[in-house]
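*Asks:* Let me give you the structure first, and then I'll get to my questions.
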Amino acid sequence: MGTIDISYTSLLIGLLLLCIPVFYLWKFRTGMVRATLIGTARMIVQLFLIGMYLKYLFLWNSPWINFLWVVIMIFVASETALSRTHLKRNILLIPISVGFLVSVTLVGLYFLGVVLQLDNVFHAQYFIPIFGILMGNMLSSNVIALNTYYSGLQREQQLYYYLLGNGATRAEAQAPFIREALIKSFSPLIANISVMGLVALPGTMIGQILGGSSPNVAIKYQMMIMVITFTASMLSLMITISLASRRSFDSYGRLLHIFKEKKQ
């Protein structure tokens, strides 16, 4: 049995379900109704546009165009990370971009070339979805981790300088803050991994089953998706912090002003 298409009429009927959360947001005066409606409208428009875009990407199936798409996604993800963390662009843009590029390329091509053993690792059917999943997960984990790391450094500067003053290297003094960033960023992912299949069925697996894949195939893909997203997110964060540390501290190891000034 193939995938059952959803007509536009059925899609509109399905969107009516949003009336339930919107009602409660309005009833309890959360002030989030407008943001919810705007966010939903943006999601619909963006998904339709990306659907048209992906249709042509799959049709062309050009390695150069596919990799250009990845470069654009990296730039957008880097700018998004900076805007969400309020970190200075001139300090963090290059480290974040390099972290994303190296991680998504290494992990993505390893999965496509070594695990799936594709003859053409740039085949749009596999290349675009896998790299898209990796970029989305790296972005969310990096935003949480970088915000935690730099906020901790700024808030606990006395601890950082105390460690430096007692003979710790810069890396050793930064370690407690990196540890806190890792815990806050990856704890939800680890918790999600531990209950996957028991408490919840992941979206990727459900999508494959609805698309006609056998449960066994969908399960193996889901296992690998979790592994590669975890790995790529961790690798990108470590690369970003390593590169950013050279630009976030002066020659004496003092933390620079890395957050943007808040507008009055």
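Scheme for the structure tokens: letters A, B, ... for chains in order shown; per-chain residue numbers from 1; ligand numbers from 1 in order shown.
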Out of region 120-230 of chain A, which residues get alpha helix (DSSP H) from DSSP, as a ChimeraX atom specification?
*Replies:* /A:124-155,157-165,170-195,203-210,215-230
*Asks:* Which residues of region 31-62 of chain A come within 12 Å of region 9-16 of chain A, and what is each one's closest atom pair and distance in Å (one decimal), counting only C-alpha atoms, sorted by chain and residue number, as a Markdown table?
*Replies:*
| residue | atom | partner | partner_atom | distance |
| --- | --- | --- | --- | --- |
| A:Leu37 | CA | A:Leu15 | CA | 11.3 |
| A:Thr40 | CA | A:Leu15 | CA | 9.5 |
| A:Ala41 | CA | A:Leu15 | CA | 10.8 |
| A:Met43 | CA | A:Leu15 | CA | 12.0 |
| A:Ile44 | CA | A:Leu15 | CA | 10.3 |
*Asks:* Find the residues near Met238 (chain A): any atom within 12 Å, counting only C-alpha atoms, skip ones fewer than 6 places away on the same chain, and give them as a list in words.
*Replies:* Pro95, Ile96, Val98, Gly99, Phe100, Val102, Ser103, Met138, Ser141, Asn142, Ala145, Leu146, Tyr149, Ala175, Ile178, Arg179, Ala181, Leu182, Thr231, Ala232, Ala244 and Ser245 of chain A
*Asks:* At a cut-off of 12 Å, using only C-alpha atoms, what residues contact Tyr24 (chain A)? Leave out same-chain residues fewer than 6 positions from it and give the result as a ChimeraX atom specification.
*Replies:* /A:18,30-33,36
*Asks:* Smallest atom-to-atom distance to Asn66 (chain A): which of A:Phe131, A:Tyr8, A:Trp26, A:Tyr110, using only C-alpha atoms?
*Replies:* A:Phe131
*Asks:* Using only C-alpha atoms for the distances, tell me which of A:Leu25, A:Ala77, A:Leu189, A:Ala218 is nearest to Phe230 (chain A).
*Replies:*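 Checking each of A:Leu25, A:Ala77, A:Leu189, A:Ala218 against Phe230 (chain A), counting only C-alpha atoms, the winner is A:Leu189.
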*Asks:* Mind pulling up the distance from CA of Lys260 (chain A) to CA of Tyr161 (chain A)?
*Replies:*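 So the answer is 22.6 Å.
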*Asks:* Counting only C-alpha atoms, which of A:Ser151, A:Thr240, A:Asn192, A:Ser62 gets nearest to Phe177 (chain A)?
*Replies:*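 Residue with the minimum atom-to-atom distance to Phe177 (chain A): A:Ser151.
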*Asks:* Do a neighbour search on Ser140 (chain A) at 9 Å with only C-alpha atoms, toss out local chain neighbours closer than 5 positions, and write the hits as an NGL selection string.
*Replies:* :A and (81 or 135 or 145 or 185 or 233)
*Asks:* What's around Gln174 (chain A) at 12 Å? Count only C-alpha atoms, leave out sequence neighbours fewer than 3 positions away in its own chain, and write the answer as a JSON list (two decimals) with N, CA and C atoms, in the first residue's frame.
*Replies:*
[["chain", "number", "residue", "atom", "x", "y", "z"],
["A", 149, "TYR", "N", 26.89, 28.22, 27.78],
["A", 149, "TYR", "CA", 28.34, 28.33, 27.96],
["A", 149, "TYR", "C", 28.75, 29.79, 28.21],
["A", 150, "TYR", "N", 28.33, 30.69, 27.33],
["A", 150, "TYR", "CA", 28.77, 32.08, 27.47],
["A", 150, "TYR", "C", 28.04, 32.82, 28.59],
["A", 152, "GLY", "N", 27.14, 31.37, 31.35],
["A", 152, "GLY", "CA", 27.82, 30.88, 32.55],
["A", 152, "GLY", "C", 29.15, 31.56, 32.76],
["A", 153, "LEU", "N", 29.91, 31.73, 31.70],
["A", 153, "LEU", "CA", 31.20, 32.40, 31.80],
["A", 153, "LEU", "C", 31.03, 33.85, 32.27],
["A", 154, "GLN", "N", 30.04, 34.51, 31.71],
["A", 154, "GLN", "CA", 29.81, 35.91, 32.08],
["A", 154, "GLN", "C", 29.31, 36.03, 33.51],
["A", 156, "GLU", "N", 29.70, 33.74, 36.01],
["A", 156, "GLU", "CA", 30.63, 33.17, 36.99],
["A", 156, "GLU", "C", 32.09, 33.50, 36.64],
["A", 157, "GLN", "N", 32.34, 34.73, 36.29],
["A", 157, "GLN", "CA", 33.70, 35.11, 35.92],
["A", 157, "GLN", "C", 34.68, 34.93, 37.08],
["A", 159, "LEU", "N", 34.73, 32.58, 39.32],
["A", 159, "LEU", "CA", 35.16, 31.18, 39.34],
["A", 159, "LEU", "C", 36.17, 30.92, 38.24],
["A", 160, "TYR", "N", 35.93, 31.45, 37.06],
["A", 160, "TYR", "CA", 36.85, 31.27, 35.92],
["A", 160, "TYR", "C", 38.22, 31.85, 36.24],
["A", 161, "TYR", "N", 38.24, 33.08, 36.77],
["A", 161, "TYR", "CA", 39.52, 33.71, 37.09],
["A", 161, "TYR", "C", 40.19, 33.04, 38.30],
["A", 162, "TYR", "N", 39.39, 32.52, 39.21],
["A", 162, "TYR", "CA", 39.95, 31.79, 40.34],
["A", 162, "TYR", "C", 40.71, 30.55, 39.87],
["A", 163, "LEU", "N", 40.12, 29.82, 38.94],
["A", 163, "LEU", "CA", 40.77, 28.63, 38.39],
["A", 163, "LEU", "C", 42.05, 29.00, 37.66],
["A", 164, "LEU", "N", 42.00, 30.08, 36.89],
["A", 164, "LEU", "CA", 43.20, 30.53, 36.18],
["A", 164, "LEU", "C", 44.29, 30.94, 37.18],
["A", 168, "ALA", "N", 45.36, 26.70, 36.70],
["A", 168, "ALA", "CA", 44.64, 25.99, 35.64],
["A", 168, "ALA", "C", 44.94, 26.62, 34.29],
["A", 169, "THR", "N", 45.00, 25.79, 33.27],
["A", 169, "THR", "CA", 45.13, 26.31, 31.92],
["A", 169, "THR", "C", 43.79, 26.91, 31.50],
["A", 170, "ARG", "N", 43.79, 27.63, 30.39],
["A", 170, "ARG", "CA", 42.53, 28.22, 29.92],
["A", 170, "ARG", "C", 41.50, 27.13, 29.62],
["A", 171, "ALA", "N", 41.96, 26.04, 29.04],
["A", 171, "ALA", "CA", 41.05, 24.92, 28.72],
["A", 171, "ALA", "C", 40.48, 24.30, 29.99],
["A", 177, "PHE", "N", 32.32, 25.11, 32.49],
["A", 177, "PHE", "CA", 31.27, 25.80, 31.74],
["A", 177, "PHE", "C", 30.87, 25.00, 30.50],
["A", 178, "ILE", "N", 31.85, 24.33, 29.90],
["A", 178, "ILE", "CA", 31.53, 23.45, 28.77],
["A", 178, "ILE", "C", 30.70, 22.27, 29.26],
["A", 179, "ARG", "N", 31.06, 21.75, 30.45],
["A", 179, "ARG", "CA", 30.31, 20.63, 31.02],
["A", 179, "ARG", "C", 28.85, 21.01, 31.24],
["A", 180, "GLU", "N", 28.62, 22.20, 31.79],
["A", 180, "GLU", "CA", 27.26, 22.65, 32.03],
["A", 180, "GLU", "C", 26.49, 22.84, 30.72],
["A", 181, "ALA", "N", 27.17, 23.34, 29.70],
["A", 181, "ALA", "CA", 26.53, 23.52, 28.40],
["A", 181, "ALA", "C", 26.14, 22.18, 27.78],
["A", 241, "ILE", "N", 33.16, 25.87, 19.83],
["A", 241, "ILE", "CA", 33.73, 26.38, 21.08],
["A", 241, "ILE", "C", 35.25, 26.49, 20.97],
["A", 242, "SER", "N", 35.88, 25.50, 20.34],
["A", 242, "SER", "CA", 37.33, 25.52, 20.19],
["A", 242, "SER", "C", 37.78, 26.73, 19.37],
["A", 245, "SER", "N", 36.84, 30.18, 21.19],
["A", 245, "SER", "CA", 37.65, 30.51, 22.37],
["A", 245, "SER", "C", 38.84, 31.39, 22.00],
["A", 248, "SER", "N", 37.16, 34.84, 21.72],
["A", 248, "SER", "CA", 36.31, 35.31, 22.82],
["A", 248, "SER", "C", 37.12, 35.80, 24.03],
["A", 249, "PHE", "N", 38.43, 35.53, 24.03],
["A", 249, "PHE", "CA", 39.27, 35.91, 25.15],
["A", 249, "PHE", "C", 40.48, 36.71, 24.63],
["A", 253, "GLY", "N", 43.65, 35.82, 28.72],
["A", 253, "GLY", "CA", 42.60, 34.88, 29.08],
["A", 253, "GLY", "C", 41.34, 35.52, 29.62],
["A", 254, "ARG", "N", 41.22, 36.84, 29.50],
["A", 254, "ARG", "CA", 40.04, 37.54, 29.99],
["A", 254, "ARG", "C", 38.92, 37.49, 28.96],
["A", 255, "LEU", "N", 37.70, 37.23, 29.43],
["A", 255, "LEU", "CA", 36.55, 37.13, 28.54],
["A", 255, "LEU", "C", 36.21, 38.50, 27.96]]
